[in-house]
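Notes follow once the structure below has been shown.
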Amino acid sequence: MRERLLVVGDVHLDDNWFDDAQDALQQVLDIIRIKRVAHVVLLGDVYHRRDVPKGGKEELLFHSFIHDVLTHATIHVLVGNHDIADSSRVLVSEINNLGHARVADVPEEWRIKDFPYKIIAIPYQAHTRGEMKKWFEGVVTELGLSSSKPFMVFGHVPFVEAKLSGGRLAEVSDRYPTIQTLESMD
(Lines give C-alpha, C1' and ligand atoms only; values in the text may rest on other atoms or scores of the structure.)
Protein backbone atom coordinates (compact mmCIF):
# COMPACT_ATOMS: atom_id res chain seq x y z
CA MET A 1 0.00 0.00 0.00
CA ARG A 2 1.32 3.42 -0.93
CA GLU A 3 1.69 6.02 1.76
CA ARG A 4 -0.69 8.97 1.69
CA LEU A 5 0.55 12.52 1.59
CA LEU A 6 -1.58 15.54 2.58
CA VAL A 7 -0.64 19.04 1.39
CA VAL A 8 -1.82 22.05 3.42
CA GLY A 9 -1.25 25.57 2.16
CA ASP A 10 -0.87 28.90 3.90
CA VAL A 11 -2.38 28.47 7.36
CA HIS A 12 -1.71 32.16 8.27
CA LEU A 13 -2.26 31.80 12.02
CA ASP A 14 -3.30 35.15 13.45
CA ASP A 15 -5.06 36.46 16.54
CA ASN A 16 -7.75 38.09 14.34
CA TRP A 17 -9.10 34.72 13.10
CA PHE A 18 -7.75 32.43 15.79
CA ASP A 19 -10.97 30.42 16.30
CA ASP A 20 -11.29 29.76 12.56
CA ALA A 21 -7.66 28.66 12.37
CA GLN A 22 -8.14 26.37 15.35
CA ASP A 23 -11.17 24.78 13.67
CA ALA A 24 -9.32 24.38 10.37
CA LEU A 25 -6.32 22.74 12.02
CA GLN A 26 -8.66 20.35 13.86
CA GLN A 27 -10.20 19.40 10.49
CA VAL A 28 -6.72 18.72 9.11
CA LEU A 29 -5.98 16.48 12.11
CA ASP A 30 -9.26 14.62 11.55
CA ILE A 31 -8.34 14.00 7.90
CA ILE A 32 -4.90 12.74 8.94
CA ARG A 33 -6.43 10.24 11.37
CA ILE A 34 -9.38 9.11 9.22
CA LYS A 35 -7.41 8.76 5.98
CA ARG A 36 -4.31 7.41 7.74
CA VAL A 37 -2.04 10.00 6.19
CA ALA A 38 1.66 9.21 6.60
CA HIS A 39 3.13 12.56 5.50
CA VAL A 40 1.89 16.14 5.86
CA VAL A 41 3.38 19.01 3.86
CA LEU A 42 2.80 22.59 5.04
CA LEU A 43 3.49 24.95 2.15
CA GLY A 44 4.62 27.91 4.26
CA ASP A 45 3.06 30.99 5.78
CA VAL A 46 2.32 29.20 9.02
CA TYR A 47 1.91 32.59 10.65
CA HIS A 48 0.23 35.66 9.20
CA ARG A 49 2.44 38.20 10.97
CA ARG A 50 6.19 38.06 11.09
CA ASP A 51 6.23 39.28 14.70
CA VAL A 52 4.43 36.37 16.37
CA PRO A 53 4.96 36.74 20.13
CA LYS A 54 7.12 34.03 21.71
CA GLY A 55 4.74 31.91 23.77
CA GLY A 56 1.70 33.68 22.26
CA LYS A 57 -1.46 31.78 21.45
CA GLU A 58 -0.63 31.48 17.73
CA GLU A 59 2.71 29.84 18.50
CA LEU A 60 1.17 27.60 21.16
CA LEU A 61 -1.58 26.50 18.74
CA PHE A 62 0.96 25.70 16.04
CA HIS A 63 3.17 23.74 18.45
CA SER A 64 0.15 21.78 19.70
CA PHE A 65 -0.84 21.05 16.09
CA ILE A 66 2.68 19.86 15.23
CA HIS A 67 2.79 17.53 18.24
CA ASP A 68 -0.66 16.12 17.35
CA VAL A 69 0.36 15.55 13.73
CA LEU A 70 3.56 13.80 14.80
CA THR A 71 1.55 11.14 16.64
CA HIS A 72 0.22 10.04 13.22
CA ALA A 73 2.50 11.32 10.46
CA THR A 74 5.80 12.82 9.47
CA ILE A 75 5.58 16.55 8.83
CA HIS A 76 7.44 18.58 6.22
CA VAL A 77 7.30 22.38 6.34
CA LEU A 78 8.40 25.02 3.85
CA VAL A 79 9.36 28.45 5.09
CA GLY A 80 6.99 31.03 3.54
CA ASN A 81 7.40 34.77 3.10
CA HIS A 82 5.34 35.44 6.24
CA ASP A 83 7.56 33.04 8.23
CA ILE A 84 10.87 34.52 7.12
CA ALA A 85 11.55 36.63 10.23
CA ASP A 86 10.78 33.74 12.57
CA SER A 87 12.21 30.94 10.46
CA SER A 88 15.31 30.34 12.53
CA ARG A 89 13.52 30.73 15.88
CA VAL A 90 10.22 28.95 15.39
CA LEU A 91 10.24 26.80 12.31
CA VAL A 92 13.74 25.54 11.67
CA SER A 93 15.32 25.21 15.09
CA GLU A 94 12.31 23.88 16.98
CA ILE A 95 10.65 21.61 14.40
CA ASN A 96 13.82 20.00 13.08
CA ASN A 97 14.63 18.91 16.65
CA LEU A 98 11.33 17.06 17.10
CA GLY A 99 12.13 14.01 14.98
CA HIS A 100 9.84 12.90 12.14
CA ALA A 101 9.69 16.55 11.13
CA ARG A 102 11.61 18.59 8.58
CA VAL A 103 11.66 22.28 7.73
CA ALA A 104 13.11 23.46 4.45
CA ASP A 105 14.58 26.94 4.53
CA VAL A 106 16.70 26.33 1.41
CA PRO A 107 15.79 24.37 -1.73
CA GLU A 108 16.30 20.66 -1.20
CA GLU A 109 15.08 17.19 -2.10
CA TRP A 110 12.81 15.45 0.40
CA ARG A 111 13.17 11.68 0.37
CA ILE A 112 9.97 9.92 1.32
CA LYS A 113 10.15 6.15 1.50
CA ASP A 114 7.98 4.34 -1.05
CA PHE A 115 6.81 7.59 -2.64
CA PRO A 116 6.91 7.25 -6.44
CA TYR A 117 8.20 10.77 -7.17
CA LYS A 118 11.26 12.80 -6.41
CA ILE A 119 10.00 15.61 -4.14
CA ILE A 120 11.59 19.02 -4.37
CA ALA A 121 10.98 21.57 -1.60
CA ILE A 122 11.47 25.19 -2.57
CA PRO A 123 10.82 27.54 0.35
CA TYR A 124 10.48 31.28 0.05
CA GLN A 125 13.79 33.07 -0.12
CA ALA A 126 14.19 36.82 -0.29
CA HIS A 127 15.57 37.86 -3.66
CA THR A 128 15.52 41.01 -5.64
CA ARG A 129 12.74 40.93 -8.18
CA GLY A 130 15.13 40.99 -11.11
CA GLU A 131 16.94 37.83 -9.95
CA MET A 132 14.00 35.51 -9.17
CA LYS A 133 13.70 33.83 -12.57
CA LYS A 134 17.43 33.27 -12.89
CA TRP A 135 17.58 31.94 -9.31
CA PHE A 136 14.69 29.53 -9.92
CA GLU A 137 16.27 28.21 -13.12
CA GLY A 138 19.48 27.61 -11.13
CA VAL A 139 17.54 25.67 -8.47
CA VAL A 140 15.94 23.49 -11.14
CA THR A 141 19.36 22.75 -12.64
CA GLU A 142 21.10 22.21 -9.27
CA LEU A 143 18.45 19.78 -8.02
CA GLY A 144 18.56 17.78 -11.23
CA LEU A 145 14.96 18.16 -12.33
CA SER A 146 14.38 16.68 -15.74
CA SER A 147 11.62 15.06 -17.69
CA SER A 148 13.38 11.68 -17.46
CA LYS A 149 12.57 11.19 -13.75
CA PRO A 150 9.13 12.02 -12.32
CA PHE A 151 9.15 14.76 -9.72
CA MET A 152 6.84 16.98 -7.71
CA VAL A 153 7.71 20.51 -6.67
CA PHE A 154 6.31 21.94 -3.44
CA GLY A 155 7.15 25.59 -3.36
CA HIS A 156 6.46 28.92 -1.80
CA VAL A 157 7.68 31.13 -4.62
CA PRO A 158 6.01 33.73 -6.81
CA PHE A 159 5.71 32.00 -10.17
CA VAL A 160 4.25 34.89 -12.12
CA GLU A 161 3.85 38.57 -11.48
CA ALA A 162 0.80 39.55 -13.47
CA LYS A 163 -1.00 42.84 -13.72
CA LEU A 164 -4.74 42.96 -14.25
CA SER A 165 -6.58 45.76 -15.98
CA GLY A 166 -10.37 45.73 -16.06
CA GLY A 167 -10.41 42.07 -15.02
CA ARG A 168 -8.11 41.07 -17.91
CA LEU A 169 -4.48 40.09 -17.90
CA ALA A 170 -2.62 43.19 -19.03
CA GLU A 171 1.02 42.36 -18.45
CA VAL A 172 3.15 39.48 -17.21
CA SER A 173 6.61 40.22 -15.89
CA ASP A 174 9.48 38.33 -17.49
CA ARG A 175 11.38 38.59 -14.20
CA TYR A 176 9.49 35.71 -12.57
CA PRO A 177 9.43 32.05 -13.51
CA THR A 178 6.28 30.70 -15.07
CA ILE A 179 4.97 27.19 -15.45
CA GLN A 180 6.47 27.36 -18.95
CA THR A 181 9.88 27.83 -17.28
CA LEU A 182 9.49 24.40 -15.70
CA GLU A 183 8.11 22.85 -18.86
CA SER A 184 10.99 24.11 -21.00
CA MET A 185 13.74 22.63 -18.85
CA ASP A 186 15.38 19.33 -19.76
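Residues in the C-alpha coordinates are numbered from 1 in each chain, the chains being A, B, ... in the order shown, and ligands are numbered from 1 in the order shown.
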
With a distance cut-off of 10 Å and only C-alpha atoms, select the neighbouring residues of His72 of chain A, excluding the residue or stretch itself and same-chain residues fewer than 6 positions from it, and output the selection as a PyMOL selection string.
-> chain A and resi 29+32-33+36-40

Considering only C-alpha atoms, return as a ChimeraX atom specification whatever protein or nucleic-acid residues lie within 7 Å of Asn81 of chain A, sequence-local ones (same chain, fewer than 2 positions apart) excluded.
-> /A:45,79,83-84,124

Mind writing the picked residues with N, CA, C and O atoms as an mmCIF file, in the first residue's frame?
data_model
loop_
_atom_site.group_PDB
_atom_site.id
_atom_site.type_symbol
_atom_site.label_atom_id
_atom_site.label_comp_id
_atom_site.auth_asym_id
_atom_site.auth_seq_id
_atom_site.Cartn_x
_atom_site.Cartn_y
_atom_site.Cartn_z
ATOM 1 N N ASP A 45 3.948 29.993 5.183
ATOM 2 C CA ASP A 45 3.060 30.988 5.779
ATOM 3 C C ASP A 45 2.237 30.370 6.905
ATOM 4 O O ASP A 45 1.021 30.461 6.954
ATOM 5 N N VAL A 79 9.388 27.099 4.559
ATOM 6 C CA VAL A 79 9.356 28.454 5.086
ATOM 7 C C VAL A 79 8.685 29.334 4.030
ATOM 8 O O VAL A 79 9.039 29.291 2.853
ATOM 9 N N ASP A 83 6.808 33.728 7.175
ATOM 10 C CA ASP A 83 7.560 33.039 8.228
ATOM 11 C C ASP A 83 9.015 33.482 8.292
ATOM 12 O O ASP A 83 9.725 33.122 9.216
ATOM 13 N N ILE A 84 9.458 34.228 7.305
ATOM 14 C CA ILE A 84 10.871 34.522 7.119
ATOM 15 C C ILE A 84 11.540 35.090 8.369
ATOM 16 O O ILE A 84 12.607 34.667 8.747
ATOM 17 N N TYR A 124 10.307 29.879 0.411
ATOM 18 C CA TYR A 124 10.481 31.280 0.051
ATOM 19 C C TYR A 124 11.882 31.716 0.448
ATOM 20 O O TYR A 124 12.374 31.382 1.521
#

May I ask for the distance between atom CA of Asp68 of chain A and atom CA of Phe151 of chain A, given in Å to one decimal place?
-> 28.8 Å

List every residue of segment 3-74 of chain A that DSSP, applied to the backbone of this structure, places in alpha helix (DSSP H), and write the result as JSON, numbers by chain.
-> {"A": [18, 19, 20, 21, 22, 23, 24, 25, 26, 27, 28, 29, 30, 31, 32, 33, 34, 35, 57, 58, 59, 60, 61, 62, 63, 64, 65, 66, 67, 68, 69, 70]}

Generate a file of the selected residues that holds N, CA and C atoms, formatted as an mmCIF file, in the first residue's frame.
data_model
loop_
_atom_site.group_PDB
_atom_site.id
_atom_site.type_symbol
_atom_site.label_atom_id
_atom_site.label_comp_id
_atom_site.auth_asym_id
_atom_site.auth_seq_id
_atom_site.Cartn_x
_atom_site.Cartn_y
_atom_site.Cartn_z
ATOM 1 N N PHE A 18 -8.293 33.553 15.025
ATOM 2 C CA PHE A 18 -7.746 32.432 15.786
ATOM 3 C C PHE A 18 -8.714 31.254 15.861
ATOM 4 N N ASP A 19 -9.989 31.517 16.165
ATOM 5 C CA ASP A 19 -10.971 30.423 16.297
ATOM 6 C C ASP A 19 -11.145 29.676 14.982
ATOM 7 N N ASP A 20 -11.176 30.407 13.868
ATOM 8 C CA ASP A 20 -11.290 29.764 12.557
ATOM 9 C C ASP A 20 -10.064 28.898 12.266
ATOM 10 N N ALA A 21 -8.895 29.415 12.596
ATOM 11 C CA ALA A 21 -7.662 28.658 12.369
ATOM 12 C C ALA A 21 -7.650 27.395 13.224
ATOM 13 N N GLN A 22 -8.083 27.522 14.460
ATOM 14 C CA GLN A 22 -8.139 26.371 15.352
ATOM 15 C C GLN A 22 -9.076 25.294 14.786
ATOM 16 N N ASP A 23 -10.230 25.719 14.280
ATOM 17 C CA ASP A 23 -11.172 24.776 13.671
ATOM 18 C C ASP A 23 -10.568 24.115 12.425
ATOM 19 N N ALA A 24 -9.913 24.908 11.600
ATOM 20 C CA ALA A 24 -9.316 24.379 10.371
ATOM 21 C C ALA A 24 -8.223 23.362 10.690
ATOM 22 N N LEU A 25 -7.384 23.676 11.657
ATOM 23 C CA LEU A 25 -6.321 22.736 12.025
ATOM 24 C C LEU A 25 -6.901 21.449 12.612
ATOM 25 N N GLN A 26 -7.995 21.552 13.337
ATOM 26 C CA GLN A 26 -8.660 20.347 13.855
ATOM 27 C C GLN A 26 -9.192 19.492 12.704
ATOM 28 N N GLN A 27 -9.726 20.136 11.662
ATOM 29 C CA GLN A 27 -10.205 19.399 10.494
ATOM 30 C C GLN A 27 -9.048 18.694 9.790
ATOM 31 N N VAL A 28 -7.902 19.352 9.707
ATOM 32 C CA VAL A 28 -6.719 18.720 9.115
ATOM 33 C C VAL A 28 -6.327 17.493 9.932
ATOM 34 N N LEU A 29 -6.306 17.629 11.253
ATOM 35 C CA LEU A 29 -5.981 16.478 12.111
ATOM 36 C C LEU A 29 -6.972 15.337 11.925
ATOM 37 N N ASP A 30 -8.253 15.664 11.782
ATOM 38 C CA ASP A 30 -9.262 14.624 11.548
ATOM 39 C C ASP A 30 -8.997 13.890 10.238
ATOM 40 N N ILE A 31 -8.651 14.622 9.197
ATOM 41 C CA ILE A 31 -8.336 14.001 7.899
ATOM 42 C C ILE A 31 -7.127 13.080 8.040
ATOM 43 N N ILE A 32 -6.106 13.546 8.751
ATOM 44 C CA ILE A 32 -4.897 12.739 8.945
ATOM 45 C C ILE A 32 -5.243 11.413 9.614
ATOM 46 N N ARG A 33 -6.057 11.471 10.649
ATOM 47 C CA ARG A 33 -6.431 10.244 11.368
ATOM 48 C C ARG A 33 -7.334 9.341 10.529
ATOM 49 N N ILE A 34 -8.386 9.905 9.953
ATOM 50 C CA ILE A 34 -9.377 9.105 9.222
ATOM 51 C C ILE A 34 -8.774 8.472 7.971
ATOM 52 N N LYS A 35 -7.997 9.253 7.238
ATOM 53 C CA LYS A 35 -7.413 8.764 5.978
ATOM 54 C C LYS A 35 -6.067 8.066 6.174
ATOM 55 N N LYS A 57 -0.507 32.857 21.749
ATOM 56 C CA LYS A 57 -1.465 31.784 21.454
ATOM 57 C C LYS A 57 -1.316 31.217 20.051
ATOM 58 N N GLU A 58 -0.855 32.028 19.075
ATOM 59 C CA GLU A 58 -0.635 31.484 17.726
ATOM 60 C C GLU A 58 0.478 30.443 17.758
ATOM 61 N N GLU A 59 1.587 30.774 18.430
ATOM 62 C CA GLU A 59 2.709 29.842 18.501
ATOM 63 C C GLU A 59 2.314 28.584 19.280
ATOM 64 N N LEU A 60 1.598 28.758 20.371
ATOM 65 C CA LEU A 60 1.172 27.600 21.156
ATOM 66 C C LEU A 60 0.231 26.693 20.365
ATOM 67 N N LEU A 61 -0.680 27.287 19.587
ATOM 68 C CA LEU A 61 -1.585 26.497 18.744
ATOM 69 C C LEU A 61 -0.792 25.720 17.700
ATOM 70 N N PHE A 62 0.160 26.376 17.063
ATOM 71 C CA PHE A 62 0.957 25.698 16.039
ATOM 72 C C PHE A 62 1.769 24.561 16.657
ATOM 73 N N HIS A 63 2.381 24.796 17.809
ATOM 74 C CA HIS A 63 3.169 23.737 18.453
ATOM 75 C C HIS A 63 2.280 22.569 18.857
ATOM 76 N N SER A 64 1.094 22.849 19.350
ATOM 77 C CA SER A 64 0.149 21.781 19.705
ATOM 78 C C SER A 64 -0.238 20.987 18.453
ATOM 79 N N PHE A 65 -0.501 21.688 17.359
ATOM 80 C CA PHE A 65 -0.842 21.050 16.089
ATOM 81 C C PHE A 65 0.296 20.139 15.624
ATOM 82 N N ILE A 66 1.522 20.651 15.655
ATOM 83 C CA ILE A 66 2.680 19.861 15.225
ATOM 84 C C ILE A 66 2.797 18.584 16.067
ATOM 85 N N HIS A 67 2.684 18.707 17.365
ATOM 86 C CA HIS A 67 2.791 17.529 18.236
ATOM 87 C C HIS A 67 1.668 16.529 17.956
ATOM 88 N N ASP A 68 0.442 17.021 17.691
ATOM 89 C CA ASP A 68 -0.661 16.116 17.355
ATOM 90 C C ASP A 68 -0.416 15.413 16.027
ATOM 91 N N VAL A 69 0.065 16.155 15.034
ATOM 92 C CA VAL A 69 0.356 15.552 13.728
ATOM 93 C C VAL A 69 1.414 14.461 13.882
ATOM 94 N N LEU A 70 2.442 14.747 14.671
ATOM 95 C CA LEU A 70 3.556 13.803 14.803
ATOM 96 C C LEU A 70 3.169 12.488 15.468
#

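Atom pair atom CA of His82 of chain A / atom CA of Phe136 of chain A: separated by 19.6 Å.
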
Would you mind listing what lies within 6 Å of segment 8-15 of chain A as a PyMOL selection string, with only C-alpha atoms counted and same-chain residues fewer than 5 positions away left out?
-> chain A and resi 42-48+58

File of the preceding selection, N, CA, C and O atoms, as a PDB file, in the first residue's frame:
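Resulting contents of part02.pdb:
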ATOM      1  N   LEU A  42       3.308  21.228   4.857  1.00  0.00           N
ATOM      2  CA  LEU A  42       2.795  22.587   5.042  1.00  0.00           C
ATOM      3  C   LEU A  42       3.566  23.483   4.087  1.00  0.00           C
ATOM      4  O   LEU A  42       4.802  23.538   4.142  1.00  0.00           O
ATOM      5  N   LEU A  43       2.858  24.183   3.224  1.00  0.00           N
ATOM      6  CA  LEU A  43       3.491  24.950   2.150  1.00  0.00           C
ATOM      7  C   LEU A  43       3.977  26.341   2.553  1.00  0.00           C
ATOM      8  O   LEU A  43       4.261  27.159   1.698  1.00  0.00           O
ATOM      9  N   GLY A  44       4.096  26.612   3.829  1.00  0.00           N
ATOM     10  CA  GLY A  44       4.619  27.906   4.261  1.00  0.00           C
ATOM     11  C   GLY A  44       3.531  28.838   4.728  1.00  0.00           C
ATOM     12  O   GLY A  44       2.346  28.525   4.681  1.00  0.00           O
ATOM     13  N   ASP A  45       3.948  29.993   5.183  1.00  0.00           N
ATOM     14  CA  ASP A  45       3.060  30.988   5.779  1.00  0.00           C
ATOM     15  C   ASP A  45       2.237  30.370   6.905  1.00  0.00           C
ATOM     16  O   ASP A  45       1.021  30.461   6.954  1.00  0.00           O
ATOM     17  N   VAL A  46       2.948  29.749   7.829  1.00  0.00           N
ATOM     18  CA  VAL A  46       2.320  29.195   9.022  1.00  0.00           C
ATOM     19  C   VAL A  46       1.686  30.336   9.807  1.00  0.00           C
ATOM     20  O   VAL A  46       0.559  30.231  10.275  1.00  0.00           O
ATOM     21  N   TYR A  47       2.412  31.420   9.942  1.00  0.00           N
ATOM     22  CA  TYR A  47       1.911  32.594  10.653  1.00  0.00           C
ATOM     23  C   TYR A  47       1.546  33.690   9.667  1.00  0.00           C
ATOM     24  O   TYR A  47       2.110  33.776   8.579  1.00  0.00           O
ATOM     25  N   HIS A  48       0.614  34.540  10.049  1.00  0.00           N
ATOM     26  CA  HIS A  48       0.234  35.658   9.197  1.00  0.00           C
ATOM     27  C   HIS A  48       1.176  36.842   9.400  1.00  0.00           C
ATOM     28  O   HIS A  48       1.554  37.509   8.451  1.00  0.00           O
ATOM     29  N   GLU A  58      -0.855  32.028  19.075  1.00  0.00           N
ATOM     30  CA  GLU A  58      -0.635  31.484  17.726  1.00  0.00           C
ATOM     31  C   GLU A  58       0.478  30.443  17.758  1.00  0.00           C
ATOM     32  O   GLU A  58       0.346  29.352  17.197  1.00  0.00           O
TER      33      GLU A  58
END

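If you count only C-alpha atoms and ignore residues fewer than 6 places along the chain from segment 102-119 of chain A, what sits within 6 Å of it is His76, Val77, Leu78, Val79, Val92, Asn96, Pro150, Phe151, Met152 and Val153 of chain A.
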
Give the answer as one residue: which of A:Gly56, A:Ile75, A:Gln125, A:Ile120 has the shortest atom-to-atom distance to Val157 of chain A, using only C-alpha atoms?
-> A:Gln125

Kindly give the distance, in Å, that separates atom CA of Leu6 of chain A and atom CA of Thr141 of chain A, rounded to a single decimal.
-> 26.9 Å
